[in-house]
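Q: Right, I'll just put the structure down here and ask away after.
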Amino acid sequence: MEAYLDHAASTPARPEVVAAMLPWLAEHPGNPSGSHRPAREARRAIDDARDAVAALLDADPGDVVFTSGGTEADNLAVDGVLGVRGGVAVCGATEHPAVLDPVRLSGGVVLPTDAGGRIDLGALADALDAIADVRLVSVMTANNETGVVNPVSEVAALVAGHAPDAVVHTDAVQATAWLDLAGACRGAHLVSITGHKFGGPKGAGALVLRDGATVAPVLRGGGQERERRSGTQNVPAIVGLGVAATLVAADREVTAARIGTLRDRLEAGLLSAVPDARRTVPDGVPRTPGIAHVCFPGIESEALLFLLERDGISASAASSCASGAQEPSHVLAAMGVDRAAAVGSLRLSFGHATTDAEVDHALAVVPAAVARLREHAR
């Protein structure tokens, strides 16, 4: 049996999304920047998608800037705000590299997190008081490795009180499939999303600007997207993004409840079947329902993933291989997870199409694979 349990990396496009995109790939050649009828049709299709994305955040359609995905949206938020406002950017240590790298390259400040991986609000308040020219604070809505949810509204209120000249950005890429973004991102001036995390196509994302936030363009040229992101818009992908946004808004609550039950069953089964296994996120820390993150001391993730793939399970590890030496992920390091556990971490992530049978298969395969690796290591 095949069990695709890597939806946090990319989830399959919904059939309705594919159907909506196909005519724009095969039948409609118009460039939306043109003035003739085919161009106007393309522009209307983009406007419809813009309406759908704006509705996810209770934003104005004019606030939506289409991008090539979450990475570009995050880069545009950090570099674009600093390009307009100057000053210093601040973020937490568990942010996605699409935020961490531009913050670091700009000379910004990376703050510690608590054991759950949420930004340390006390450290943030101290930084805002100590640094006179903070102009951007970025805190992700939900973490891409663990699913941990940050208190974006609390961060926004703290920033407003300590650094009223700063704006707040949140990377909501991993939250869109599971949370009501209008509520979860309340107070944020800029929000990043990408389609392939919630049933849309790869290559289509958006940065939503609210409350008068502005950005300097990172891509310059034709002046598209109200001169905030130049380049001919990817009409088929944007259409798909709009359809996915409409679909996820309609069924998010029901899907999240179903997937949360599957996630809890999988975690409980793994913790029961594998000695010394532990859930990475501490009890009581809020997280999305779409990610089960478990550490298995005494093994290495890459070897486990090899065995799982051989038995039909697609998953991922919260670690990367650098210069031939396996290193714990920066997220787990920031959470204080010890190295012995971190190198044996496993992320099993779910999407709207995940089934009970896939969870059953994982419960049969993962414990046996861990036992085999531990036996081999003796």
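Residue numbers start at 1 in each chain; chains themselves are named A, B, ... in the order of the structure tokens; ligands are numbered from 1 in the order shown.
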Please provide as a count of residues only all residues within 7 Å of Val149 of chain A, with the sequence filter that same-chain residues fewer than 2 positions apart are discarded (counting only C-alpha atoms).
A: 8
Q: I want to know what sits within 10 Å of His28 of chain A, based on only C-alpha atoms, with residues of the same chain fewer than 6 positions away left out; could you give that as a ChimeraX atom specification?
A: /A:22,38-39,41-42,235-236
Q: Write the residues you've just listed into a file as a PDB file, in the first residue's frame, and include C-alpha atoms for each of them.
A:
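Okay, out30.pdb is ready:
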ATOM      1  CA  LEU A  22      -6.730  23.420 -17.707  1.00  0.00           C
ATOM      2  CA  PRO A  38      -8.269  37.617 -24.487  1.00  0.00           C
ATOM      3  CA  ALA A  39      -6.185  39.867 -22.230  1.00  0.00           C
ATOM      4  CA  GLU A  41     -10.552  37.683 -19.940  1.00  0.00           C
ATOM      5  CA  ALA A  42      -7.272  36.745 -18.286  1.00  0.00           C
ATOM      6  CA  VAL A 235      -2.869  32.986 -14.949  1.00  0.00           C
ATOM      7  CA  PRO A 236      -3.492  29.201 -14.731  1.00  0.00           C
TER       8      PRO A 236
END
Q: Please measure the separation of atom CA of Gly223 of chain A and atom CA of Arg37 of chain A, giving the value in Å to one decimal.
A: 20.7 Å
Q: One number please: atom CA of Leu57 of chain A to atom CA of Phe198 of chain A, in Å, one decimal.
A: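 So the answer is 14.9 Å.
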Q: Contacts of segment 237-247 of chain A at 10 Å or less, counting only C-alpha atoms, minus same-chain residues fewer than 2 places along, as number ranges by chain?
A: A: 13-22, 24-25, 42, 45-56, 66-68, 176-177, 194-206, 233-235, 249-252
Q: If you run DSSP on the backbone here, which positions in segment 171-288 of chain A get alpha helix (DSSP H)? Please write them as a VMD selection string.
A: chain A and resid 181 to 184 224 to 227 235 to 273
Q: Keeping N, CA and C atoms, export the residues of the selection given above as a compact mmCIF listing (two decimals), in the first residue's frame.
A:
# COMPACT_ATOMS: atom_id res chain seq x y z
N LEU A 181 -7.85 32.06 8.94
CA LEU A 181 -6.76 33.04 8.89
C LEU A 181 -7.19 34.43 9.36
N ALA A 182 -8.43 34.79 9.10
CA ALA A 182 -8.88 36.12 9.53
C ALA A 182 -8.74 36.28 11.03
N GLY A 183 -8.97 35.20 11.79
CA GLY A 183 -8.81 35.25 13.23
C GLY A 183 -7.39 34.97 13.66
N ALA A 184 -6.77 33.93 13.09
CA ALA A 184 -5.43 33.53 13.51
C ALA A 184 -4.39 34.59 13.22
N GLN A 224 3.42 45.12 -12.80
CA GLN A 224 2.21 44.37 -12.45
C GLN A 224 1.99 44.36 -10.94
N GLU A 225 0.81 43.90 -10.54
CA GLU A 225 0.43 43.83 -9.12
C GLU A 225 0.59 45.20 -8.44
N ARG A 226 0.07 46.23 -9.13
CA ARG A 226 0.14 47.60 -8.62
C ARG A 226 1.58 48.02 -8.31
N GLU A 227 2.51 47.58 -9.18
CA GLU A 227 3.93 47.89 -9.11
C GLU A 227 4.61 47.33 -7.86
N VAL A 235 -1.40 33.03 -15.01
CA VAL A 235 -2.87 32.99 -14.95
C VAL A 235 -3.39 31.61 -14.54
N PRO A 236 -2.95 30.50 -15.16
CA PRO A 236 -3.49 29.20 -14.73
C PRO A 236 -3.27 28.92 -13.24
N ALA A 237 -2.07 29.20 -12.76
CA ALA A 237 -1.76 28.92 -11.35
C ALA A 237 -2.57 29.83 -10.43
N ILE A 238 -2.72 31.09 -10.80
CA ILE A 238 -3.49 32.02 -9.97
C ILE A 238 -4.96 31.60 -9.94
N VAL A 239 -5.50 31.17 -11.07
CA VAL A 239 -6.87 30.66 -11.10
C VAL A 239 -6.99 29.47 -10.15
N GLY A 240 -6.04 28.56 -10.21
CA GLY A 240 -6.05 27.41 -9.31
C GLY A 240 -5.97 27.81 -7.85
N LEU A 241 -5.15 28.80 -7.56
CA LEU A 241 -5.03 29.30 -6.19
C LEU A 241 -6.37 29.84 -5.70
N GLY A 242 -7.06 30.57 -6.56
CA GLY A 242 -8.36 31.13 -6.17
C GLY A 242 -9.38 30.05 -5.88
N VAL A 243 -9.41 29.01 -6.72
CA VAL A 243 -10.36 27.92 -6.51
C VAL A 243 -10.03 27.18 -5.21
N ALA A 244 -8.75 26.93 -4.98
CA ALA A 244 -8.35 26.26 -3.74
C ALA A 244 -8.73 27.08 -2.52
N ALA A 245 -8.60 28.40 -2.61
CA ALA A 245 -8.96 29.26 -1.49
C ALA A 245 -10.45 29.15 -1.19
N THR A 246 -11.26 29.11 -2.22
CA THR A 246 -12.71 28.97 -2.03
C THR A 246 -13.06 27.63 -1.40
N LEU A 247 -12.42 26.57 -1.88
CA LEU A 247 -12.71 25.23 -1.37
C LEU A 247 -12.26 25.06 0.07
N VAL A 248 -11.07 25.54 0.41
CA VAL A 248 -10.59 25.35 1.78
C VAL A 248 -11.41 26.16 2.77
N ALA A 249 -11.89 27.32 2.35
CA ALA A 249 -12.74 28.11 3.24
C ALA A 249 -14.05 27.38 3.53
N ALA A 250 -14.54 26.63 2.55
CA ALA A 250 -15.83 25.95 2.70
C ALA A 250 -15.75 24.71 3.57
N ASP A 251 -14.63 23.96 3.51
CA ASP A 251 -14.61 22.68 4.22
C ASP A 251 -13.53 22.58 5.30
N ARG A 252 -12.87 23.69 5.61
CA ARG A 252 -11.76 23.66 6.55
C ARG A 252 -12.16 23.09 7.91
N GLU A 253 -13.26 23.55 8.46
CA GLU A 253 -13.63 23.15 9.82
C GLU A 253 -13.87 21.64 9.92
N VAL A 254 -14.62 21.09 8.97
CA VAL A 254 -14.90 19.66 8.98
C VAL A 254 -13.62 18.86 8.74
N THR A 255 -12.83 19.29 7.78
CA THR A 255 -11.59 18.58 7.47
C THR A 255 -10.63 18.60 8.64
N ALA A 256 -10.49 19.75 9.28
CA ALA A 256 -9.56 19.86 10.41
C ALA A 256 -9.97 18.93 11.55
N ALA A 257 -11.25 18.82 11.81
CA ALA A 257 -11.71 17.93 12.87
C ALA A 257 -11.40 16.47 12.53
N ARG A 258 -11.65 16.08 11.29
CA ARG A 258 -11.39 14.70 10.88
C ARG A 258 -9.90 14.38 10.93
N ILE A 259 -9.09 15.29 10.40
CA ILE A 259 -7.65 15.05 10.36
C ILE A 259 -7.06 15.08 11.77
N GLY A 260 -7.57 15.93 12.64
CA GLY A 260 -7.08 15.95 14.02
C GLY A 260 -7.28 14.62 14.70
N THR A 261 -8.40 13.96 14.44
CA THR A 261 -8.64 12.64 15.01
C THR A 261 -7.65 11.62 14.47
N LEU A 262 -7.38 11.67 13.17
CA LEU A 262 -6.39 10.76 12.59
C LEU A 262 -5.00 11.01 13.16
N ARG A 263 -4.63 12.28 13.28
CA ARG A 263 -3.31 12.62 13.82
C ARG A 263 -3.16 12.09 15.25
N ASP A 264 -4.17 12.31 16.08
CA ASP A 264 -4.09 11.85 17.46
C ASP A 264 -3.99 10.32 17.54
N ARG A 265 -4.74 9.63 16.68
CA ARG A 265 -4.67 8.16 16.67
C ARG A 265 -3.30 7.67 16.25
N LEU A 266 -2.72 8.31 15.26
CA LEU A 266 -1.39 7.91 14.81
C LEU A 266 -0.36 8.14 15.90
N GLU A 267 -0.38 9.32 16.50
CA GLU A 267 0.60 9.61 17.56
C GLU A 267 0.46 8.64 18.73
N ALA A 268 -0.75 8.43 19.18
CA ALA A 268 -0.97 7.53 20.32
C ALA A 268 -0.49 6.12 19.99
N GLY A 269 -0.76 5.65 18.78
CA GLY A 269 -0.33 4.33 18.39
C GLY A 269 1.18 4.19 18.33
N LEU A 270 1.86 5.22 17.81
CA LEU A 270 3.32 5.17 17.73
C LEU A 270 3.96 5.22 19.12
N LEU A 271 3.44 6.07 19.98
CA LEU A 271 4.01 6.19 21.32
C LEU A 271 3.79 4.90 22.11
N SER A 272 2.69 4.22 21.84
CA SER A 272 2.41 2.96 22.53
C SER A 272 3.27 1.82 22.00
N ALA A 273 3.55 1.83 20.70
CA ALA A 273 4.21 0.70 20.06
C ALA A 273 5.73 0.79 20.09
